[in-house]
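A short worksheet on the structure shown next.
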Amino acid sequence: MDKIAVLGAGSWGTALSIVLSDNNYHVNLWTYKKEQMEEINKHHKNERYLHVPLPENIVAFSSIEKAVEDVKAIVIVVPTKAIREVSKELNKILNRPVPIIHASKGIEPGSLKRVSQMIDEELEHYNYDDIVVLSGPSHAEDVALRHPTTVTVASLNEEYAKIAQDIFTNDAFRVYTSTDILGVELGGSLKNIIALGAGISDGLGYGDNAKAALITRGLAEIARLGTKLGANPLSFLGLSGVGDLIVTCTSVHSRNWRAGNLLGKGQPLNDVLEQMGMVVEGVRTVKAAYRFAKEENVEMPITTGIYDVLYNHKEPKEIVEQLMTRSKREEMDDIAHLLYERYSK
Ligand SMILES: NC(=O)C1=CN([C@@H]2O[C@H](COP(=O)(O)OP(=O)(O)OC[C@H]3O[C@@H](n4cnc5c(N)ncnc54)[C@H](OP(=O)(O)O)[C@@H]3O)[C@@H](O)[C@H]2O)C=CC1
Ligand SMILES: O=C(CO)COP(=O)(O)O
C-alpha cells in the first residue's frame, strides 16, 4: 500500500486523509500536538475537528521527518499563517522530488504571497512549477461523510496535477485539473472575505437578496483583481471561483460565514475568533486583499468595507449604506469586456 503524508490534522487535513484512506493509501497524518496524535492512533478519532470515526490506515505522527518517509506525495493543509514554518521544517528533510499538493486558502498580508509562493520560497531545492493546489467547494464536514464533492487541482506541471487528480479521485470526490494555479489560489483565498460579508449580512438580519448581491458583486471584484494579477478570468467561473464562493457564503459549516454572522450580531472580532476555535482565514487575507486593491489600483468596495468593519471599527450598517449609495454604474465592467474581447471572435 503506497503512503501519503498529510501535514496538518485540523478539519481539512483530517477530511482529506479520509479521502486518501478510502482510495487505499496508507496515510501518515502529521500533527504538532502529541495528545491529538494519541487520540487518532488509540481511539481513531479527531473529535475537536470532525465527528466521524477514522479508518485504521490513518496513522498520526508528531515528527514531520517520520511522516514524510518514503511517501508517494505530500499534502500540506495547515493554516496559511503556519505555511512557512512547516515548509522550513520540510526543507531540512526533503531530499528527493516528490509531488507537493497544498490545500490551504489564504494570502500572506506582509508579503502578499500566495501559499504556493511561500512554499517555493521556503523549499530551496523545489521547483515552483511542480507545486499543486487543491481547491474548490469542499467543506470538511461533507467530505468526511462522503457526500458528493468536486474540486480542482492546479499546477503549471500538468503531470503533477494529473498525479494529484489520480490520488484523490473517487466516487464521492471528483477532481478536475487546471494549469491556472494563480487563479485557483486567488479564488480560494479571496472568497473567504466575501463569506465574512455574507455572514455579517445574515447577522444583521438581511435576506437572500442581500446575500446574492454580495456573492455576485463579490465575484466581480475577485475576478477584477485576479485578472489584473494575470489569472485566467474563466477560473473565477469554475469550482475554485464561484463554486467555492457559493458554498462558503451559504453554508453553516463555513468558519468565515460563522465568524461574519457573529460580527453582524455585534460581537467584537477578538471574542468571535476565540469562540471559533478554528482558523478563519478571511480575517487575515482581507488585510492582503485591501493592500493589493490599493497597490494594483483595483476597485474592491466589498473587500474594503469588510476591512473597515474588522480593522477600522466601522459599523456594518454604515458599510451597507455606503455600498448601496455608491455612484451609479454599468453592471458589466472590465471583466465582462475582457471576456467578451477574448472569446467573441
Ligand atoms: N475546513 C474546511 O472545510 C476547509 C479548509 N480549507 C483550508 O485548509 C486550511 C486548514 O484549515 P482547517 O483544517 O479547516 O483548520 P482547522 O482550524 O480545523 O485546523 C488547523 C490545524 O492546524 C493546526 N496548526 C496551527 N498552527 C500550526 C502550526 N504552526 N503547525 C502545525 N499545525 C498548526 C491547528 O492547531 P491549533 O488548534 O492548536 O491551532 C489545527 O489543528 C485553511 O487554509 C483552510 O482555509 C480548505 C478547504 C476546506
Ligand atoms: O474553503 C472552504 C470550503 O471550500 C472552507 O471555508 P471556511 O474556512 O469558511 O470553513
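By order of appearance in the C-alpha cells: chains A, B, ..., then residues from 1 within every chain, and ligands from 1 in the order shown.
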
Proximity of chain A to ligand 2: per-residue shortest pair, 7 Å limit, only C-alpha atoms and all ligand atoms, as JSON lines:
{"residue": "A:Lys105", "atom": "CA", "partner": "ligand 2", "partner_atom_place_in_ligand_line": "1 (O)", "distance": 6.8}
{"residue": "A:Gly136", "atom": "CA", "partner": "ligand 2", "partner_atom_place_in_ligand_line": "4 (O)", "distance": 5.3}
{"residue": "A:Pro137", "atom": "CA", "partner": "ligand 2", "partner_atom_place_in_ligand_line": "4 (O)", "distance": 3.8}
{"residue": "A:Ser138", "atom": "CA", "partner": "ligand 2", "partner_atom_place_in_ligand_line": "4 (O)", "distance": 3.9}
{"residue": "A:His139", "atom": "CA", "partner": "ligand 2", "partner_atom_place_in_ligand_line": "3 (C)", "distance": 4.3}
{"residue": "A:Gly188", "atom": "CA", "partner": "ligand 2", "partner_atom_place_in_ligand_line": "1 (O)", "distance": 6.6}
{"residue": "A:Asn192", "atom": "CA", "partner": "ligand 2", "partner_atom_place_in_ligand_line": "9 (O)", "distance": 5.9}
{"residue": "A:Ala195", "atom": "CA", "partner": "ligand 2", "partner_atom_place_in_ligand_line": "9 (O)", "distance": 6.9}
{"residue": "A:Asp244", "atom": "CA", "partner": "ligand 2", "partner_atom_place_in_ligand_line": "4 (O)", "distance": 5.2}
{"residue": "A:Val247", "atom": "CA", "partner": "ligand 2", "partner_atom_place_in_ligand_line": "4 (O)", "distance": 6.5}
{"residue": "A:Thr248", "atom": "CA", "partner": "ligand 2", "partner_atom_place_in_ligand_line": "6 (O)", "distance": 5.3}
{"residue": "A:His253", "atom": "CA", "partner": "ligand 2", "partner_atom_place_in_ligand_line": "10 (O)", "distance": 5.8}
{"residue": "A:Ser254", "atom": "CA", "partner": "ligand 2", "partner_atom_place_in_ligand_line": "10 (O)", "distance": 3.3}
{"residue": "A:Arg255", "atom": "CA", "partner": "ligand 2", "partner_atom_place_in_ligand_line": "10 (O)", "distance": 3.9}
{"residue": "A:Asn256", "atom": "CA", "partner": "ligand 2", "partner_atom_place_in_ligand_line": "9 (O)", "distance": 3.8}
{"residue": "A:Trp257", "atom": "CA", "partner": "ligand 2", "partner_atom_place_in_ligand_line": "9 (O)", "distance": 5.9}
{"residue": "A:Val279", "atom": "CA", "partner": "ligand 2", "partner_atom_place_in_ligand_line": "8 (O)", "distance": 6.8}
{"residue": "A:Val280", "atom": "CA", "partner": "ligand 2", "partner_atom_place_in_ligand_line": "8 (O)", "distance": 5.7}
{"residue": "A:Glu281", "atom": "CA", "partner": "ligand 2", "partner_atom_place_in_ligand_line": "8 (O)", "distance": 6.3}

Handout entry: Filtered DSSP result for stretch 104-244 of chain A, state strand (DSSP E), as a list of chain:residue names
Key =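 Listing strand (DSSP E) positions across stretch 104-244 of chain A yields A:Val132, A:Val133, A:Leu134, A:Ser135, A:Thr149, A:Thr150, A:Val151, A:Thr152, A:Val153, A:Ala154, A:Phe173, A:Arg174, A:Val175, A:Tyr176, A:Thr177, A:Ser178.
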
Practice task
Would you list the contacts of stretch 118-125 of chain A as a PyMOL selection string, taking every protein, DNA or RNA residue within 9 Å and counting only C-alpha atoms, but skipping same-chain residues closer than 3 positions in sequence?
Solution key: chain A and resi 83-88+90-92+94-95+97+108+113-115+128+131

When you look at A:Gly243 with a cut-off of 12 Å (counting only C-alpha atoms), what residues show up, excluding the ones that are within fewer than 3 positions of it in the same chain? I need them as an mmCIF file with N, CA and C atoms, in the first residue's frame.
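Once everything was written out, this is part07.cif:
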data_model
loop_
_atom_site.group_PDB
_atom_site.id
_atom_site.type_symbol
_atom_site.label_atom_id
_atom_site.label_comp_id
_atom_site.auth_asym_id
_atom_site.auth_seq_id
_atom_site.Cartn_x
_atom_site.Cartn_y
_atom_site.Cartn_z
ATOM 1 N N SER A 135 -8.257 22.917 -4.530
ATOM 2 C CA SER A 135 -9.192 23.924 -4.024
ATOM 3 C C SER A 135 -10.560 23.733 -4.671
ATOM 4 N N GLY A 136 -11.590 24.219 -4.000
ATOM 5 C CA GLY A 136 -12.937 24.102 -4.556
ATOM 6 C C GLY A 136 -13.960 24.092 -3.435
ATOM 7 N N PRO A 137 -15.234 23.962 -3.786
ATOM 8 C CA PRO A 137 -16.291 23.977 -2.761
ATOM 9 C C PRO A 137 -16.298 22.674 -1.974
ATOM 10 N N SER A 138 -15.664 22.657 -0.821
ATOM 11 C CA SER A 138 -15.410 21.368 -0.168
ATOM 12 C C SER A 138 -15.306 21.514 1.347
ATOM 13 N N HIS A 139 -16.430 21.606 2.002
ATOM 14 C CA HIS A 139 -16.341 21.645 3.465
ATOM 15 C C HIS A 139 -15.954 20.274 4.001
ATOM 16 N N THR A 149 -18.594 15.682 -3.758
ATOM 17 C CA THR A 149 -17.796 16.918 -3.690
ATOM 18 C C THR A 149 -16.937 17.006 -4.941
ATOM 19 N N THR A 150 -16.758 18.239 -5.443
ATOM 20 C CA THR A 150 -15.905 18.429 -6.623
ATOM 21 C C THR A 150 -14.853 19.486 -6.312
ATOM 22 N N VAL A 151 -13.632 19.249 -6.743
ATOM 23 C CA VAL A 151 -12.559 20.223 -6.533
ATOM 24 C C VAL A 151 -11.693 20.313 -7.790
ATOM 25 N N THR A 152 -10.792 21.309 -7.774
ATOM 26 C CA THR A 152 -9.835 21.468 -8.869
ATOM 27 C C THR A 152 -8.421 21.320 -8.324
ATOM 28 N N VAL A 184 -6.677 29.803 -9.374
ATOM 29 C CA VAL A 184 -7.288 28.864 -8.422
ATOM 30 C C VAL A 184 -6.954 29.269 -6.983
ATOM 31 N N GLY A 187 -8.920 32.627 -6.153
ATOM 32 C CA GLY A 187 -10.358 32.383 -5.940
ATOM 33 C C GLY A 187 -10.606 31.795 -4.560
ATOM 34 N N GLY A 188 -9.809 30.771 -4.199
ATOM 35 C CA GLY A 188 -9.988 30.094 -2.910
ATOM 36 C C GLY A 188 -9.692 30.992 -1.723
ATOM 37 N N LYS A 191 -12.463 34.394 -1.663
ATOM 38 C CA LYS A 191 -13.878 34.110 -1.350
ATOM 39 C C LYS A 191 -14.135 34.128 0.158
ATOM 40 N N ILE A 215 -22.573 37.849 -3.179
ATOM 41 C CA ILE A 215 -21.896 36.777 -3.920
ATOM 42 C C ILE A 215 -21.551 37.258 -5.337
ATOM 43 N N THR A 216 -22.535 37.874 -5.988
ATOM 44 C CA THR A 216 -22.333 38.249 -7.396
ATOM 45 C C THR A 216 -21.343 39.407 -7.544
ATOM 46 N N LEU A 219 -17.893 38.307 -6.506
ATOM 47 C CA LEU A 219 -17.202 37.593 -7.587
ATOM 48 C C LEU A 219 -16.615 38.593 -8.584
ATOM 49 N N SER A 235 -11.282 31.020 -14.697
ATOM 50 C CA SER A 235 -11.107 30.267 -13.442
ATOM 51 C C SER A 235 -12.107 30.738 -12.384
ATOM 52 N N PHE A 236 -12.474 32.022 -12.437
ATOM 53 C CA PHE A 236 -13.387 32.550 -11.413
ATOM 54 C C PHE A 236 -14.823 32.071 -11.628
ATOM 55 N N LEU A 237 -15.077 31.506 -12.815
ATOM 56 C CA LEU A 237 -16.404 30.916 -13.058
ATOM 57 C C LEU A 237 -16.407 29.429 -12.744
ATOM 58 N N GLY A 238 -15.272 28.925 -12.294
ATOM 59 C CA GLY A 238 -15.145 27.493 -12.021
ATOM 60 C C GLY A 238 -15.330 27.142 -10.558
ATOM 61 N N LEU A 239 -14.949 25.903 -10.232
ATOM 62 C CA LEU A 239 -15.163 25.385 -8.867
ATOM 63 C C LEU A 239 -14.439 26.202 -7.814
ATOM 64 N N SER A 240 -13.199 26.609 -8.129
ATOM 65 C CA SER A 240 -12.431 27.337 -7.116
ATOM 66 C C SER A 240 -12.808 28.814 -7.079
ATOM 67 N N ILE A 246 -19.970 30.244 -3.497
ATOM 68 C CA ILE A 246 -21.345 29.860 -3.143
ATOM 69 C C ILE A 246 -21.334 29.044 -1.859
ATOM 70 N N VAL A 247 -20.495 28.008 -1.804
ATOM 71 C CA VAL A 247 -20.560 27.135 -0.622
ATOM 72 C C VAL A 247 -20.165 27.899 0.649
ATOM 73 N N THR A 248 -19.167 28.746 0.534
ATOM 74 C CA THR A 248 -18.688 29.411 1.750
ATOM 75 C C THR A 248 -19.658 30.493 2.218
ATOM 76 N N CYS A 249 -20.341 31.129 1.281
ATOM 77 C CA CYS A 249 -21.281 32.183 1.668
ATOM 78 C C CYS A 249 -22.615 31.625 2.158
ATOM 79 N N THR A 250 -22.893 30.355 1.873
ATOM 80 C CA THR A 250 -24.237 29.855 2.195
ATOM 81 C C THR A 250 -24.250 28.706 3.200
#

Exercise for the section: Find the residues near ligand 1. Use a cut-off of 7 Å, count only C-alpha atoms and all ligand atoms, and write them as a list in words. Expected result: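 Those residues are Gly8, Ala9, Gly10, Ser11, Trp12, Gly13, Thr31, Tyr32, Tyr49, Val77, Val78, Pro79, Thr80, Ala82, Glu85, Val86, Ala103, Ser104, Lys105, Gly106, Ser135, Ser138, His139, Ala140, Glu141, Gly277, Met278, Val279 and Glu281 of chain A.
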
Practice task
Please provide the set of residues having any atom within 12 Å of A:Glu315, restricted to only C-alpha atoms, with same-chain residues fewer than 2 positions apart removed, written as a ChimeraX atom specification.
Solution key: /A:200-201,204,263-268,305-313,317-322

Write the selection just made, keeping C-alpha atoms, as a tab-separated table (two decimals), in the first residue's frame?
chain	number	residue	atom	x	y	z
A	200	ILE	CA	-22.33	39.81	8.53
A	201	SER	CA	-25.32	40.37	6.25
A	204	LEU	CA	-27.71	41.92	10.57
A	263	LEU	CA	-19.75	40.10	13.87
A	264	GLY	CA	-23.05	41.10	12.27
A	265	LYS	CA	-24.78	40.36	15.57
A	266	GLY	CA	-22.47	42.85	17.24
A	267	GLN	CA	-19.73	40.71	18.81
A	268	PRO	CA	-16.18	42.14	18.78
A	305	GLY	CA	-15.90	47.64	3.57
A	306	ILE	CA	-15.17	44.36	5.35
A	307	TYR	CA	-11.65	45.53	6.12
A	308	ASP	CA	-13.12	48.69	7.66
A	309	VAL	CA	-15.52	46.68	9.85
A	310	LEU	CA	-12.71	44.42	11.06
A	311	TYR	CA	-9.90	46.90	11.47
A	312	ASN	CA	-11.31	50.44	11.45
A	313	HIS	CA	-14.23	49.93	13.88
A	317	LYS	CA	-24.77	49.03	8.72
A	318	GLU	CA	-22.72	52.08	7.80
A	319	ILE	CA	-20.79	49.97	5.26
A	320	VAL	CA	-24.01	48.58	3.79
A	321	GLU	CA	-25.30	52.13	3.30
A	322	GLN	CA	-22.00	53.12	1.74

Handout entry: All residues 12 Å or closer to A:Thr304, only C-alpha atoms, same chain fewer than 4 positions away omitted, as a PyMOL selection string
Key = chain A and resi 193-194+197+218+221+285-294+298-300+308-312+314+316+319-320+322-323

Take the residues just selected and output them with C-alpha atoms as a compact mmCIF listing (two decimals), in the first residue's frame.
# COMPACT_ATOMS: atom_id res chain seq x y z
CA ILE A 193 -13.53 37.67 2.65
CA ILE A 194 -16.86 37.73 0.84
CA GLY A 197 -19.54 39.67 4.43
CA GLY A 218 -18.04 39.85 -4.67
CA GLU A 221 -14.25 42.21 -7.57
CA THR A 285 -6.46 37.57 3.97
CA VAL A 286 -8.61 40.72 3.96
CA LYS A 287 -5.52 42.67 5.03
CA ALA A 288 -3.66 41.37 1.99
CA ALA A 289 -6.57 41.97 -0.39
CA TYR A 290 -7.06 45.52 0.92
CA ARG A 291 -3.40 46.29 0.20
CA PHE A 292 -3.49 44.51 -3.15
CA ALA A 293 -6.50 46.59 -4.22
CA LYS A 294 -4.71 49.82 -3.35
CA VAL A 298 -8.37 47.84 -8.46
CA GLU A 299 -11.82 48.74 -7.16
CA MET A 300 -12.85 46.32 -4.39
CA ASP A 308 -13.12 48.69 7.66
CA VAL A 309 -15.52 46.68 9.85
CA LEU A 310 -12.71 44.42 11.06
CA TYR A 311 -9.90 46.90 11.47
CA ASN A 312 -11.31 50.44 11.45
CA LYS A 314 -16.80 50.82 11.22
CA PRO A 316 -21.56 47.04 9.39
CA ILE A 319 -20.79 49.97 5.26
CA VAL A 320 -24.01 48.58 3.79
CA GLN A 322 -22.00 53.12 1.74
CA LEU A 323 -22.16 50.17 -0.70
